[in-house]
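Raw contents of coords-v6.txt, compact mmCIF, N, CA and C atoms and all ligand atoms:
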# COMPACT_ATOMS: atom_id res chain seq x y z
N MET A 6 4.10 73.28 93.73
CA MET A 6 4.64 74.61 94.05
C MET A 6 4.38 74.92 95.52
N SER A 7 5.42 74.97 96.32
CA SER A 7 5.23 75.30 97.73
C SER A 7 6.18 76.42 98.14
N SER A 8 6.23 77.44 97.31
CA SER A 8 7.07 78.59 97.62
C SER A 8 6.38 79.51 98.64
N LEU A 9 5.09 79.23 98.89
CA LEU A 9 4.35 80.05 99.84
C LEU A 9 4.62 79.56 101.26
N GLY A 10 4.74 80.50 102.17
CA GLY A 10 4.98 80.13 103.55
C GLY A 10 5.04 81.36 104.42
N VAL A 11 4.98 81.15 105.71
CA VAL A 11 5.03 82.28 106.65
C VAL A 11 6.33 83.07 106.44
N GLY A 12 6.19 84.38 106.37
CA GLY A 12 7.36 85.24 106.19
C GLY A 12 7.69 85.53 104.73
N LYS A 13 7.02 84.81 103.82
CA LYS A 13 7.24 85.04 102.39
C LYS A 13 6.39 86.22 101.90
N GLU A 14 6.87 86.78 100.82
CA GLU A 14 6.14 87.93 100.25
C GLU A 14 5.12 87.42 99.24
N VAL A 15 3.96 88.05 99.25
CA VAL A 15 2.91 87.65 98.32
C VAL A 15 2.11 88.89 97.93
N LEU A 16 1.55 88.87 96.72
CA LEU A 16 0.69 89.99 96.30
C LEU A 16 -0.73 89.72 96.79
N SER A 17 -1.26 90.67 97.53
CA SER A 17 -2.63 90.54 98.02
C SER A 17 -3.32 91.88 97.86
N PHE A 18 -4.62 91.84 97.76
CA PHE A 18 -5.36 93.10 97.71
C PHE A 18 -5.47 93.63 99.13
N CYS A 19 -5.11 94.89 99.35
CA CYS A 19 -5.20 95.51 100.67
C CYS A 19 -6.47 96.35 100.74
N GLY A 20 -7.35 96.01 101.68
CA GLY A 20 -8.61 96.73 101.83
C GLY A 20 -8.43 98.16 102.31
N LYS A 21 -7.32 98.41 103.03
CA LYS A 21 -7.04 99.76 103.52
C LYS A 21 -6.49 100.64 102.41
N CYS A 22 -5.49 100.11 101.68
CA CYS A 22 -4.85 100.88 100.61
C CYS A 22 -5.68 100.84 99.33
N LYS A 23 -6.64 99.93 99.25
CA LYS A 23 -7.48 99.73 98.06
C LYS A 23 -6.63 99.42 96.82
N LEU A 24 -5.55 98.69 97.06
CA LEU A 24 -4.64 98.37 95.98
C LEU A 24 -4.10 96.96 96.15
N THR A 25 -3.61 96.39 95.07
CA THR A 25 -2.90 95.13 95.17
C THR A 25 -1.44 95.46 95.46
N LEU A 26 -0.99 95.02 96.65
CA LEU A 26 0.35 95.38 97.10
C LEU A 26 1.08 94.17 97.65
N ALA A 27 2.38 94.35 97.85
CA ALA A 27 3.18 93.29 98.45
C ALA A 27 2.81 93.14 99.92
N HIS A 28 2.56 91.90 100.34
CA HIS A 28 2.22 91.59 101.72
C HIS A 28 3.15 90.49 102.22
N ILE A 29 3.33 90.41 103.50
CA ILE A 29 4.10 89.33 104.11
C ILE A 29 3.12 88.33 104.71
N ILE A 30 3.33 87.07 104.42
CA ILE A 30 2.43 86.04 104.96
C ILE A 30 2.68 85.88 106.46
N ILE A 31 1.60 86.02 107.24
CA ILE A 31 1.69 85.92 108.70
C ILE A 31 1.33 84.50 109.14
N THR A 32 0.21 84.00 108.63
CA THR A 32 -0.20 82.64 108.97
C THR A 32 -0.70 81.92 107.72
N MET A 33 -0.52 80.61 107.74
CA MET A 33 -0.97 79.76 106.64
C MET A 33 -2.06 78.83 107.14
N LYS A 34 -2.98 78.49 106.20
CA LYS A 34 -3.96 77.44 106.52
C LYS A 34 -3.34 76.12 106.06
N ALA A 35 -4.06 75.05 106.25
CA ALA A 35 -3.59 73.73 105.81
C ALA A 35 -3.25 73.77 104.32
N GLY A 36 -2.21 73.11 103.94
CA GLY A 36 -1.81 73.06 102.55
C GLY A 36 -1.11 74.35 102.16
N ASP A 37 -1.36 74.80 100.96
CA ASP A 37 -0.70 76.02 100.47
C ASP A 37 -1.64 77.21 100.48
N THR A 38 -2.58 77.21 101.38
CA THR A 38 -3.54 78.32 101.43
C THR A 38 -3.08 79.37 102.42
N ILE A 39 -3.02 80.61 101.95
CA ILE A 39 -2.59 81.71 102.81
C ILE A 39 -3.76 82.12 103.70
N ASN A 40 -3.50 82.33 104.98
CA ASN A 40 -4.55 82.77 105.88
C ASN A 40 -4.46 84.28 106.07
N LYS A 41 -3.50 84.72 106.89
CA LYS A 41 -3.39 86.16 107.13
C LYS A 41 -2.11 86.73 106.54
N VAL A 42 -2.21 87.99 106.13
CA VAL A 42 -1.05 88.67 105.55
C VAL A 42 -0.92 90.06 106.18
N GLN A 43 0.29 90.60 106.10
CA GLN A 43 0.50 91.96 106.59
C GLN A 43 0.93 92.84 105.41
N CYS A 44 0.23 93.95 105.26
CA CYS A 44 0.52 94.87 104.18
C CYS A 44 1.85 95.58 104.44
N LYS A 45 2.75 95.54 103.44
CA LYS A 45 4.06 96.18 103.62
C LYS A 45 3.94 97.70 103.54
N THR A 46 2.82 98.18 102.99
CA THR A 46 2.64 99.62 102.82
C THR A 46 2.02 100.27 104.07
N CYS A 47 0.91 99.69 104.57
CA CYS A 47 0.23 100.31 105.72
C CYS A 47 0.38 99.49 107.00
N ASN A 48 1.05 98.32 106.90
CA ASN A 48 1.30 97.44 108.04
C ASN A 48 0.04 96.82 108.64
N ALA A 49 -1.08 96.93 107.98
CA ALA A 49 -2.31 96.32 108.48
C ALA A 49 -2.26 94.81 108.26
N THR A 50 -2.77 94.07 109.22
CA THR A 50 -2.85 92.62 109.09
C THR A 50 -4.28 92.26 108.75
N HIS A 51 -4.45 91.48 107.72
CA HIS A 51 -5.81 91.09 107.32
C HIS A 51 -5.76 89.76 106.59
N VAL A 52 -6.94 89.21 106.33
CA VAL A 52 -7.04 87.95 105.61
C VAL A 52 -6.58 88.17 104.16
N TYR A 53 -5.85 87.21 103.67
CA TYR A 53 -5.33 87.28 102.29
C TYR A 53 -6.47 87.40 101.28
N LYS A 54 -6.33 88.36 100.38
CA LYS A 54 -7.33 88.52 99.32
C LYS A 54 -6.65 88.32 97.98
N ASP A 55 -7.05 87.28 97.31
CA ASP A 55 -6.46 86.95 96.01
C ASP A 55 -6.66 88.11 95.03
N PRO A 56 -5.57 88.75 94.59
CA PRO A 56 -5.73 89.91 93.70
C PRO A 56 -6.38 89.56 92.37
N SER A 57 -6.19 88.33 91.89
CA SER A 57 -6.79 87.96 90.60
C SER A 57 -8.31 87.94 90.71
N LYS A 58 -8.82 87.59 91.92
CA LYS A 58 -10.28 87.58 92.11
C LYS A 58 -10.82 89.00 92.22
N VAL A 59 -10.06 89.86 92.89
CA VAL A 59 -10.46 91.26 93.02
C VAL A 59 -10.49 91.91 91.64
N LYS A 60 -9.45 91.61 90.86
CA LYS A 60 -9.34 92.16 89.51
C LYS A 60 -10.53 91.72 88.65
N ALA A 61 -10.85 90.45 88.72
CA ALA A 61 -11.93 89.90 87.89
C ALA A 61 -13.22 90.68 88.10
N LYS A 62 -13.48 91.05 89.35
CA LYS A 62 -14.67 91.84 89.67
C LYS A 62 -14.62 93.19 88.98
N LYS A 63 -13.47 93.83 89.10
CA LYS A 63 -13.29 95.16 88.50
C LYS A 63 -13.50 95.12 87.00
N VAL A 64 -12.94 94.10 86.35
CA VAL A 64 -13.02 93.99 84.90
C VAL A 64 -14.47 93.89 84.44
N SER A 65 -15.26 93.09 85.17
CA SER A 65 -16.65 92.91 84.74
C SER A 65 -17.42 94.23 84.86
N THR A 66 -17.07 95.04 85.88
CA THR A 66 -17.72 96.34 86.05
C THR A 66 -17.38 97.23 84.86
N ARG A 67 -16.09 97.18 84.51
CA ARG A 67 -15.62 98.03 83.41
C ARG A 67 -16.32 97.64 82.11
N THR A 68 -16.45 96.34 81.87
CA THR A 68 -17.10 95.86 80.64
C THR A 68 -18.53 96.38 80.57
N ARG A 69 -19.20 96.35 81.74
CA ARG A 69 -20.59 96.80 81.77
C ARG A 69 -20.66 98.30 81.44
N THR A 70 -19.72 99.08 81.99
CA THR A 70 -19.70 100.51 81.74
C THR A 70 -19.50 100.78 80.26
N VAL A 71 -18.58 100.03 79.65
CA VAL A 71 -18.26 100.23 78.24
C VAL A 71 -19.48 99.93 77.38
N SER A 72 -20.16 98.83 77.66
CA SER A 72 -21.30 98.47 76.82
C SER A 72 -22.43 99.48 76.99
N LYS A 73 -22.55 100.03 78.20
CA LYS A 73 -23.56 101.05 78.46
C LYS A 73 -23.26 102.29 77.62
N LYS A 74 -21.99 102.67 77.58
CA LYS A 74 -21.55 103.81 76.79
C LYS A 74 -21.86 103.57 75.32
N ALA A 75 -21.56 102.39 74.85
CA ALA A 75 -21.76 102.05 73.44
C ALA A 75 -23.24 102.19 73.09
N ASN A 76 -24.10 101.78 74.02
CA ASN A 76 -25.53 101.87 73.78
C ASN A 76 -26.00 103.32 73.65
N SER A 77 -25.51 104.17 74.56
CA SER A 77 -25.96 105.56 74.51
C SER A 77 -25.39 106.24 73.26
N GLN A 78 -24.19 105.82 72.86
CA GLN A 78 -23.57 106.32 71.63
C GLN A 78 -24.48 105.99 70.45
N GLU A 79 -24.96 104.78 70.42
CA GLU A 79 -25.82 104.33 69.35
C GLU A 79 -27.13 105.12 69.32
N SER A 80 -27.69 105.38 70.50
CA SER A 80 -28.96 106.07 70.52
C SER A 80 -28.79 107.53 70.08
N ILE A 81 -27.61 108.13 70.36
CA ILE A 81 -27.36 109.50 69.88
C ILE A 81 -27.33 109.49 68.35
N SER A 82 -26.66 108.49 67.77
CA SER A 82 -26.59 108.37 66.32
C SER A 82 -27.99 108.23 65.73
N ASP A 83 -28.81 107.42 66.37
CA ASP A 83 -30.18 107.21 65.89
C ASP A 83 -30.98 108.51 65.95
N LEU A 84 -30.82 109.20 67.08
CA LEU A 84 -31.49 110.47 67.30
C LEU A 84 -31.08 111.46 66.21
N TRP A 85 -29.78 111.48 65.94
CA TRP A 85 -29.22 112.40 64.96
C TRP A 85 -29.77 112.09 63.58
N LEU A 86 -29.77 110.79 63.22
CA LEU A 86 -30.28 110.38 61.91
C LEU A 86 -31.73 110.79 61.73
N THR A 87 -32.55 110.57 62.75
CA THR A 87 -33.96 110.92 62.70
C THR A 87 -34.13 112.43 62.57
N ALA A 88 -33.36 113.17 63.41
CA ALA A 88 -33.48 114.62 63.41
C ALA A 88 -33.05 115.22 62.08
N VAL A 89 -31.94 114.72 61.53
CA VAL A 89 -31.47 115.22 60.23
C VAL A 89 -32.49 114.87 59.14
N GLY A 90 -33.05 113.66 59.23
CA GLY A 90 -34.05 113.23 58.25
C GLY A 90 -35.30 114.09 58.29
N ASN A 91 -35.66 114.57 59.49
CA ASN A 91 -36.89 115.37 59.65
C ASN A 91 -36.69 116.85 59.32
N ALA A 92 -35.44 117.29 59.32
CA ALA A 92 -35.17 118.72 59.12
C ALA A 92 -35.54 119.15 57.72
N LYS A 93 -36.15 120.34 57.64
CA LYS A 93 -36.59 120.82 56.33
C LYS A 93 -35.78 122.01 55.85
N THR A 94 -34.96 122.56 56.73
CA THR A 94 -34.19 123.74 56.35
C THR A 94 -32.81 123.35 55.83
N LYS A 95 -32.20 124.30 55.14
CA LYS A 95 -30.82 124.11 54.66
C LYS A 95 -29.88 124.29 55.83
N SER A 96 -28.70 123.67 55.78
CA SER A 96 -27.77 123.80 56.90
C SER A 96 -27.12 125.19 56.89
N LYS A 97 -26.91 125.71 58.10
CA LYS A 97 -26.27 127.02 58.29
C LYS A 97 -24.92 126.78 58.94
N ASP A 98 -23.92 127.57 58.59
CA ASP A 98 -22.63 127.44 59.27
C ASP A 98 -22.80 127.94 60.70
N TYR A 99 -22.18 127.22 61.63
CA TYR A 99 -22.32 127.63 63.03
C TYR A 99 -21.49 128.88 63.32
N SER A 100 -22.11 129.82 64.00
CA SER A 100 -21.42 131.01 64.50
C SER A 100 -22.18 131.46 65.74
N PRO A 101 -21.46 131.88 66.79
CA PRO A 101 -22.19 132.33 67.99
C PRO A 101 -23.08 133.54 67.71
N LYS A 102 -22.81 134.25 66.62
CA LYS A 102 -23.59 135.44 66.27
C LYS A 102 -24.87 135.09 65.50
N ALA A 103 -24.90 133.92 64.91
CA ALA A 103 -26.07 133.52 64.14
C ALA A 103 -27.21 133.16 65.09
N THR A 104 -28.44 133.21 64.56
CA THR A 104 -29.60 132.84 65.37
C THR A 104 -30.20 131.57 64.80
N PHE A 105 -30.43 130.62 65.66
CA PHE A 105 -30.97 129.35 65.22
C PHE A 105 -32.34 129.09 65.82
N LEU A 106 -33.11 128.28 65.13
CA LEU A 106 -34.43 127.89 65.61
C LEU A 106 -34.44 126.38 65.80
N LYS A 107 -35.35 125.92 66.65
CA LYS A 107 -35.49 124.49 66.87
C LYS A 107 -35.73 123.79 65.53
N GLY A 108 -34.97 122.74 65.29
CA GLY A 108 -35.13 121.98 64.04
C GLY A 108 -34.19 122.41 62.94
N ASP A 109 -33.50 123.55 63.13
CA ASP A 109 -32.52 124.01 62.13
C ASP A 109 -31.32 123.06 62.08
N ILE A 110 -30.71 123.01 60.89
CA ILE A 110 -29.48 122.22 60.74
C ILE A 110 -28.31 123.19 60.84
N VAL A 111 -27.33 122.82 61.67
CA VAL A 111 -26.17 123.66 61.81
C VAL A 111 -24.95 122.88 61.34
N ASP A 112 -24.03 123.56 60.69
CA ASP A 112 -22.81 122.91 60.24
C ASP A 112 -21.67 123.42 61.12
N HIS A 113 -21.22 122.59 62.04
CA HIS A 113 -20.18 123.01 62.98
C HIS A 113 -18.81 122.58 62.47
N PRO A 114 -17.81 123.51 62.51
CA PRO A 114 -16.49 123.16 61.99
C PRO A 114 -15.83 121.97 62.68
N LYS A 115 -16.16 121.75 63.94
CA LYS A 115 -15.52 120.66 64.67
C LYS A 115 -16.42 119.43 64.79
N PHE A 116 -17.70 119.66 65.09
CA PHE A 116 -18.59 118.53 65.36
C PHE A 116 -19.36 118.04 64.14
N GLY A 117 -19.28 118.81 63.03
CA GLY A 117 -19.99 118.41 61.82
C GLY A 117 -21.44 118.87 61.85
N PRO A 118 -22.29 118.26 61.00
CA PRO A 118 -23.68 118.69 60.97
C PRO A 118 -24.45 118.27 62.22
N GLY A 119 -25.31 119.15 62.68
CA GLY A 119 -26.11 118.85 63.85
C GLY A 119 -27.49 119.47 63.69
N VAL A 120 -28.40 119.05 64.55
CA VAL A 120 -29.77 119.56 64.51
C VAL A 120 -30.07 120.24 65.84
N ILE A 121 -30.66 121.44 65.78
CA ILE A 121 -31.02 122.16 67.01
C ILE A 121 -32.19 121.42 67.65
N ASP A 122 -31.96 120.97 68.87
CA ASP A 122 -32.99 120.22 69.57
C ASP A 122 -33.79 121.11 70.51
N LYS A 123 -33.09 122.09 71.12
CA LYS A 123 -33.75 122.97 72.10
C LYS A 123 -33.13 124.34 72.05
N ILE A 124 -33.92 125.34 72.38
CA ILE A 124 -33.41 126.69 72.59
C ILE A 124 -33.43 126.91 74.09
N ILE A 125 -32.28 127.26 74.65
CA ILE A 125 -32.21 127.44 76.11
C ILE A 125 -31.87 128.90 76.42
N ASP A 126 -32.67 129.54 77.27
CA ASP A 126 -32.42 130.89 77.78
C ASP A 126 -32.21 131.94 76.68
N GLY A 127 -32.71 131.73 75.50
CA GLY A 127 -32.61 132.73 74.44
C GLY A 127 -31.29 132.76 73.70
N ASN A 128 -30.18 132.45 74.39
CA ASN A 128 -28.90 132.53 73.67
C ASN A 128 -28.08 131.24 73.73
N LYS A 129 -28.75 130.16 74.07
CA LYS A 129 -28.06 128.87 74.05
C LYS A 129 -28.88 127.88 73.26
N ILE A 130 -28.20 126.97 72.61
CA ILE A 130 -28.90 125.93 71.84
C ILE A 130 -28.34 124.57 72.21
N GLU A 131 -29.23 123.61 72.26
CA GLU A 131 -28.79 122.23 72.47
C GLU A 131 -28.83 121.57 71.10
N VAL A 132 -27.67 121.06 70.69
CA VAL A 132 -27.54 120.53 69.33
C VAL A 132 -27.21 119.04 69.36
N ILE A 133 -27.92 118.28 68.57
CA ILE A 133 -27.62 116.85 68.44
C ILE A 133 -26.63 116.70 67.29
N PHE A 134 -25.42 116.30 67.62
CA PHE A 134 -24.43 115.98 66.60
C PHE A 134 -24.37 114.47 66.45
N ARG A 135 -23.64 114.04 65.44
CA ARG A 135 -23.54 112.60 65.11
C ARG A 135 -23.12 111.76 66.32
N HIS A 136 -22.15 112.28 67.12
CA HIS A 136 -21.62 111.47 68.22
C HIS A 136 -21.90 112.03 69.60
N SER A 137 -22.45 113.22 69.69
CA SER A 137 -22.71 113.76 71.02
C SER A 137 -23.74 114.88 70.95
N ILE A 138 -24.27 115.21 72.12
CA ILE A 138 -25.20 116.33 72.21
C ILE A 138 -24.44 117.47 72.89
N LYS A 139 -24.43 118.64 72.27
CA LYS A 139 -23.66 119.76 72.81
C LYS A 139 -24.55 120.97 73.04
N THR A 140 -24.18 121.75 74.06
CA THR A 140 -24.86 123.01 74.26
C THR A 140 -23.92 124.11 73.74
N LEU A 141 -24.42 124.90 72.82
CA LEU A 141 -23.63 125.97 72.20
C LEU A 141 -24.34 127.29 72.40
N VAL A 142 -23.58 128.38 72.19
CA VAL A 142 -24.21 129.71 72.28
C VAL A 142 -24.62 130.16 70.89
N HIS A 143 -25.61 131.02 70.83
CA HIS A 143 -26.02 131.65 69.57
C HIS A 143 -26.65 133.01 69.91
N ASN A 144 -27.03 133.74 68.89
CA ASN A 144 -27.77 134.99 69.10
C ASN A 144 -26.98 135.97 69.98
N MET A 145 -25.63 135.99 69.85
CA MET A 145 -24.80 136.82 70.72
C MET A 145 -24.72 138.25 70.18
ZN ZN B 1 -2.24 98.43 102.99
Can you give me the file's structure in the form of C-alpha cells?
Ligand SMILES: [Zn+2]
Amino acid sequence: MSSLGVGKEVLSFCGKCKLTLAHIIITMKAGDTINKVQCKTCNATHVYKDPSKVKAKKVSTRTRTVSKKANSQESISDLWLTAVGNAKTKSKDYSPKATFLKGDIVDHPKFGPGVIDKIIDGNKIEVIFRHSIKTLVHNM
C-alpha cells in the first residue's frame, strides 16, 4: 500500500485542535512513513501523530475511570447493606416535613430504602441509598 505521499490527505491527531482531523502530508520519511503534516482546520504544520495511537491512550484512561466508578458503586452498596442491617427502627416514608434521626430508615419514592448517615445543619440529612448517597431536606 503506497497511497501515502506528499500532498495526500491523511487523518492525524492535531495538537492545536486536540482532535483527529484531515491533514495534508507535507514531507515523508523513508518508505511509507509520514513525517510532517499540515492541519486543514488550523493550518498548523506539525509531526504526524497516528490517531489510532492517540485513541488507544484515551481508551485506557476511560477504562480506568469506569472501573473506578464500579468500585465506588460497590462500596456504596456494601455501606448500604451494612447500614440497613444495623438499623433497628422501622422505615418511614420520606417527606421534607418529617424529622429523621441518624440511623433511621427512610423509604424514598424515587431512591428506595435508605439509611440516615448524618444530620447536617438541623434540616438536612445525608442518606445512604442502594446506589448513591444523597443529601435531602427534612424537619421543614
Ligand atoms: Zn489543527
Taking into account only N, CA and C atoms and all ligand atoms, which residue in the set A:Ser8, A:Gln43, A:Ser137, A:Thr32 is nearest to ligand ZN 1 (chain B)? A:Gln43
Check every protein, DNA and RNA residue against ligand ZN 1 (chain B), keep those with an atom at most 7 Å away (counting all atoms listed in the file), and present them as a VMD selection string. chain A and resid 18 to 24 43 to 49
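For the choices A:Gln78, A:Ser96, A:Thr87, A:Ser17, the atom-to-atom distance to Gly117 (chain A) is smallest for A:Ser96 when using only C-alpha atoms.
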List every residue of chain A that DSSP, applied to the backbone of this structure, places in alpha helix (DSSP H), and write the result as a PyMOL selection string. chain A and resi 56-91
Residue selection dump (N, CA and C atoms) as a short mmCIF file (atom, residue, chain, number, x, y, z; two decimals), in the coordinates of the input:
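result.cif, written as the output of this step:
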data_model
loop_
_atom_site.label_atom_id
_atom_site.label_comp_id
_atom_site.auth_asym_id
_atom_site.auth_seq_id
_atom_site.Cartn_x
_atom_site.Cartn_y
_atom_site.Cartn_z
N PRO A 56 -5.57 88.75 94.59
CA PRO A 56 -5.73 89.91 93.70
C PRO A 56 -6.38 89.56 92.37
N SER A 57 -6.19 88.33 91.89
CA SER A 57 -6.79 87.96 90.60
C SER A 57 -8.31 87.94 90.71
N LYS A 58 -8.82 87.59 91.92
CA LYS A 58 -10.28 87.58 92.11
C LYS A 58 -10.82 89.00 92.22
N VAL A 59 -10.06 89.86 92.89
CA VAL A 59 -10.46 91.26 93.02
C VAL A 59 -10.49 91.91 91.64
N LYS A 60 -9.45 91.61 90.86
CA LYS A 60 -9.34 92.16 89.51
C LYS A 60 -10.53 91.72 88.65
N ALA A 61 -10.85 90.45 88.72
CA ALA A 61 -11.93 89.90 87.89
C ALA A 61 -13.22 90.68 88.10
N LYS A 62 -13.48 91.05 89.35
CA LYS A 62 -14.67 91.84 89.67
C LYS A 62 -14.62 93.19 88.98
N LYS A 63 -13.47 93.83 89.10
CA LYS A 63 -13.29 95.16 88.50
C LYS A 63 -13.50 95.12 87.00
N VAL A 64 -12.94 94.10 86.35
CA VAL A 64 -13.02 93.99 84.90
C VAL A 64 -14.47 93.89 84.44
N SER A 65 -15.26 93.09 85.17
CA SER A 65 -16.65 92.91 84.74
C SER A 65 -17.42 94.23 84.86
N THR A 66 -17.07 95.04 85.88
CA THR A 66 -17.72 96.34 86.05
C THR A 66 -17.38 97.23 84.86
N ARG A 67 -16.09 97.18 84.51
CA ARG A 67 -15.62 98.03 83.41
C ARG A 67 -16.32 97.64 82.11
N THR A 68 -16.45 96.34 81.87
CA THR A 68 -17.10 95.86 80.64
C THR A 68 -18.53 96.38 80.57
N ARG A 69 -19.20 96.35 81.74
CA ARG A 69 -20.59 96.80 81.77
C ARG A 69 -20.66 98.30 81.44
N THR A 70 -19.72 99.08 81.99
CA THR A 70 -19.70 100.51 81.74
C THR A 70 -19.50 100.78 80.26
N VAL A 71 -18.58 100.03 79.65
CA VAL A 71 -18.26 100.23 78.24
C VAL A 71 -19.48 99.93 77.38
N SER A 72 -20.16 98.83 77.66
CA SER A 72 -21.30 98.47 76.82
C SER A 72 -22.43 99.48 76.99
N LYS A 73 -22.55 100.03 78.20
CA LYS A 73 -23.56 101.05 78.46
C LYS A 73 -23.26 102.29 77.62
N LYS A 74 -21.99 102.67 77.58
CA LYS A 74 -21.55 103.81 76.79
C LYS A 74 -21.86 103.57 75.32
N ALA A 75 -21.56 102.39 74.85
CA ALA A 75 -21.76 102.05 73.44
C ALA A 75 -23.24 102.19 73.09
N ASN A 76 -24.10 101.78 74.02
CA ASN A 76 -25.53 101.87 73.78
C ASN A 76 -26.00 103.32 73.65
N SER A 77 -25.51 104.17 74.56
CA SER A 77 -25.96 105.56 74.51
C SER A 77 -25.39 106.24 73.26
N GLN A 78 -24.19 105.82 72.86
CA GLN A 78 -23.57 106.32 71.63
C GLN A 78 -24.48 105.99 70.45
N GLU A 79 -24.96 104.78 70.42
CA GLU A 79 -25.82 104.33 69.35
C GLU A 79 -27.13 105.12 69.32
N SER A 80 -27.69 105.38 70.50
CA SER A 80 -28.96 106.07 70.52
C SER A 80 -28.79 107.53 70.08
N ILE A 81 -27.61 108.13 70.36
CA ILE A 81 -27.36 109.50 69.88
C ILE A 81 -27.33 109.49 68.35
N SER A 82 -26.66 108.49 67.77
CA SER A 82 -26.59 108.37 66.32
C SER A 82 -27.99 108.23 65.73
N ASP A 83 -28.81 107.42 66.37
CA ASP A 83 -30.18 107.21 65.89
C ASP A 83 -30.98 108.51 65.95
N LEU A 84 -30.82 109.20 67.08
CA LEU A 84 -31.49 110.47 67.30
C LEU A 84 -31.08 111.46 66.21
N TRP A 85 -29.78 111.48 65.94
CA TRP A 85 -29.22 112.40 64.96
C TRP A 85 -29.77 112.09 63.58
N LEU A 86 -29.77 110.79 63.22
CA LEU A 86 -30.28 110.38 61.91
C LEU A 86 -31.73 110.79 61.73
N THR A 87 -32.55 110.57 62.75
CA THR A 87 -33.96 110.92 62.70
C THR A 87 -34.13 112.43 62.57
N ALA A 88 -33.36 113.17 63.41
CA ALA A 88 -33.48 114.62 63.41
C ALA A 88 -33.05 115.22 62.08
N VAL A 89 -31.94 114.72 61.53
CA VAL A 89 -31.47 115.22 60.23
C VAL A 89 -32.49 114.87 59.14
N GLY A 90 -33.05 113.66 59.23
CA GLY A 90 -34.05 113.23 58.25
C GLY A 90 -35.30 114.09 58.29
N ASN A 91 -35.66 114.57 59.49
CA ASN A 91 -36.89 115.37 59.65
C ASN A 91 -36.69 116.85 59.32
#
Given only N, CA and C atoms as the counted atoms, nearest of A:Asp112, A:Gly10, A:Val59, A:Lys139 to Ile39 (chain A):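 That would be A:Gly10, the residue with the smallest distance to Ile39 (chain A).
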Excluding same-chain residues fewer than 6 positions from Thr140 (chain A), what lies within 6.5 Å of it counting all atoms listed in the file, as a JSON list (two decimals) with N, CA and C atoms, in the frame of the given file?
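Written out: out34.json:
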[["chain", "number", "residue", "atom", "x", "y", "z"],
["A", 129, "LYS", "N", -28.75, 130.16, 74.07],
["A", 129, "LYS", "CA", -28.06, 128.87, 74.05],
["A", 129, "LYS", "C", -28.88, 127.88, 73.26],
["A", 130, "ILE", "N", -28.20, 126.97, 72.61],
["A", 130, "ILE", "CA", -28.90, 125.93, 71.84],
["A", 130, "ILE", "C", -28.34, 124.57, 72.21],
["A", 131, "GLU", "N", -29.23, 123.61, 72.26],
["A", 131, "GLU", "CA", -28.79, 122.23, 72.47],
["A", 131, "GLU", "C", -28.83, 121.57, 71.10],
["A", 132, "VAL", "N", -27.67, 121.06, 70.69],
["A", 132, "VAL", "CA", -27.54, 120.53, 69.33],
["A", 132, "VAL", "C", -27.21, 119.04, 69.36]]
For Ile31 (chain A), find every residue with an atom within 8 Å (counting only N, CA and C atoms), except residues of its own chain fewer than 3 positions away, and show them as a list in words.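 After dropping sequence-adjacent residues, the list is Gly10, Val11, Gly12, Lys13, His28, Lys34, Ile39, Asn40, Lys41, Val42 and Gln43 of chain A.
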Pick out the residues sitting within 8 Å of region 102-107 of chain A, and hand them over as a ChimeraX atom specification; count only C-alpha atoms, and ignore anything fewer than 3 positions along from it in its own chain. /A:99,120-124,130,143-145
Atoms kept (N, CA and C atoms) for selection, written as a PDB file, in the frame of the given file:
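part-v1.pdb written:
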ATOM      1  N   TYR A  99     -22.180 127.220  61.630  1.00  0.00           N
ATOM      2  CA  TYR A  99     -22.320 127.630  63.030  1.00  0.00           C
ATOM      3  C   TYR A  99     -21.490 128.880  63.320  1.00  0.00           C
ATOM      4  N   VAL A 120     -28.400 119.050  64.550  1.00  0.00           N
ATOM      5  CA  VAL A 120     -29.770 119.560  64.510  1.00  0.00           C
ATOM      6  C   VAL A 120     -30.070 120.240  65.840  1.00  0.00           C
ATOM      7  N   ILE A 121     -30.660 121.440  65.780  1.00  0.00           N
ATOM      8  CA  ILE A 121     -31.020 122.160  67.010  1.00  0.00           C
ATOM      9  C   ILE A 121     -32.190 121.420  67.650  1.00  0.00           C
ATOM     10  N   ASP A 122     -31.960 120.970  68.870  1.00  0.00           N
ATOM     11  CA  ASP A 122     -32.990 120.220  69.570  1.00  0.00           C
ATOM     12  C   ASP A 122     -33.790 121.110  70.510  1.00  0.00           C
ATOM     13  N   LYS A 123     -33.090 122.090  71.120  1.00  0.00           N
ATOM     14  CA  LYS A 123     -33.750 122.970  72.100  1.00  0.00           C
ATOM     15  C   LYS A 123     -33.130 124.340  72.050  1.00  0.00           C
ATOM     16  N   ILE A 124     -33.920 125.340  72.380  1.00  0.00           N
ATOM     17  CA  ILE A 124     -33.410 126.690  72.590  1.00  0.00           C
ATOM     18  C   ILE A 124     -33.430 126.910  74.090  1.00  0.00           C
ATOM     19  N   ILE A 130     -28.200 126.970  72.610  1.00  0.00           N
ATOM     20  CA  ILE A 130     -28.900 125.930  71.840  1.00  0.00           C
ATOM     21  C   ILE A 130     -28.340 124.570  72.210  1.00  0.00           C
ATOM     22  N   HIS A 143     -25.610 131.020  70.830  1.00  0.00           N
ATOM     23  CA  HIS A 143     -26.020 131.650  69.570  1.00  0.00           C
ATOM     24  C   HIS A 143     -26.650 133.010  69.910  1.00  0.00           C
ATOM     25  N   ASN A 144     -27.030 133.740  68.890  1.00  0.00           N
ATOM     26  CA  ASN A 144     -27.770 134.990  69.100  1.00  0.00           C
ATOM     27  C   ASN A 144     -26.980 135.970  69.980  1.00  0.00           C
ATOM     28  N   MET A 145     -25.630 135.990  69.850  1.00  0.00           N
ATOM     29  CA  MET A 145     -24.800 136.820  70.720  1.00  0.00           C
ATOM     30  C   MET A 145     -24.720 138.250  70.180  1.00  0.00           C
TER      31      MET A 145
END
Best match for closeness to Val111 (chain A) among A:Ile29, A:Asp126, A:Lys95, A:Leu141, counting only N, CA and C atoms: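 For Val111 (chain A), the nearest of the given residues is A:Lys95.
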In Å, rounded to a single decimal, give me how far atom C of Gly119 (chain A) is from atom N of Glu79 (chain A). 16.4 Å
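Going from atom C of Gly108 (chain A) over to CA of Ser77 (chain A), you cover 22.0 Å.
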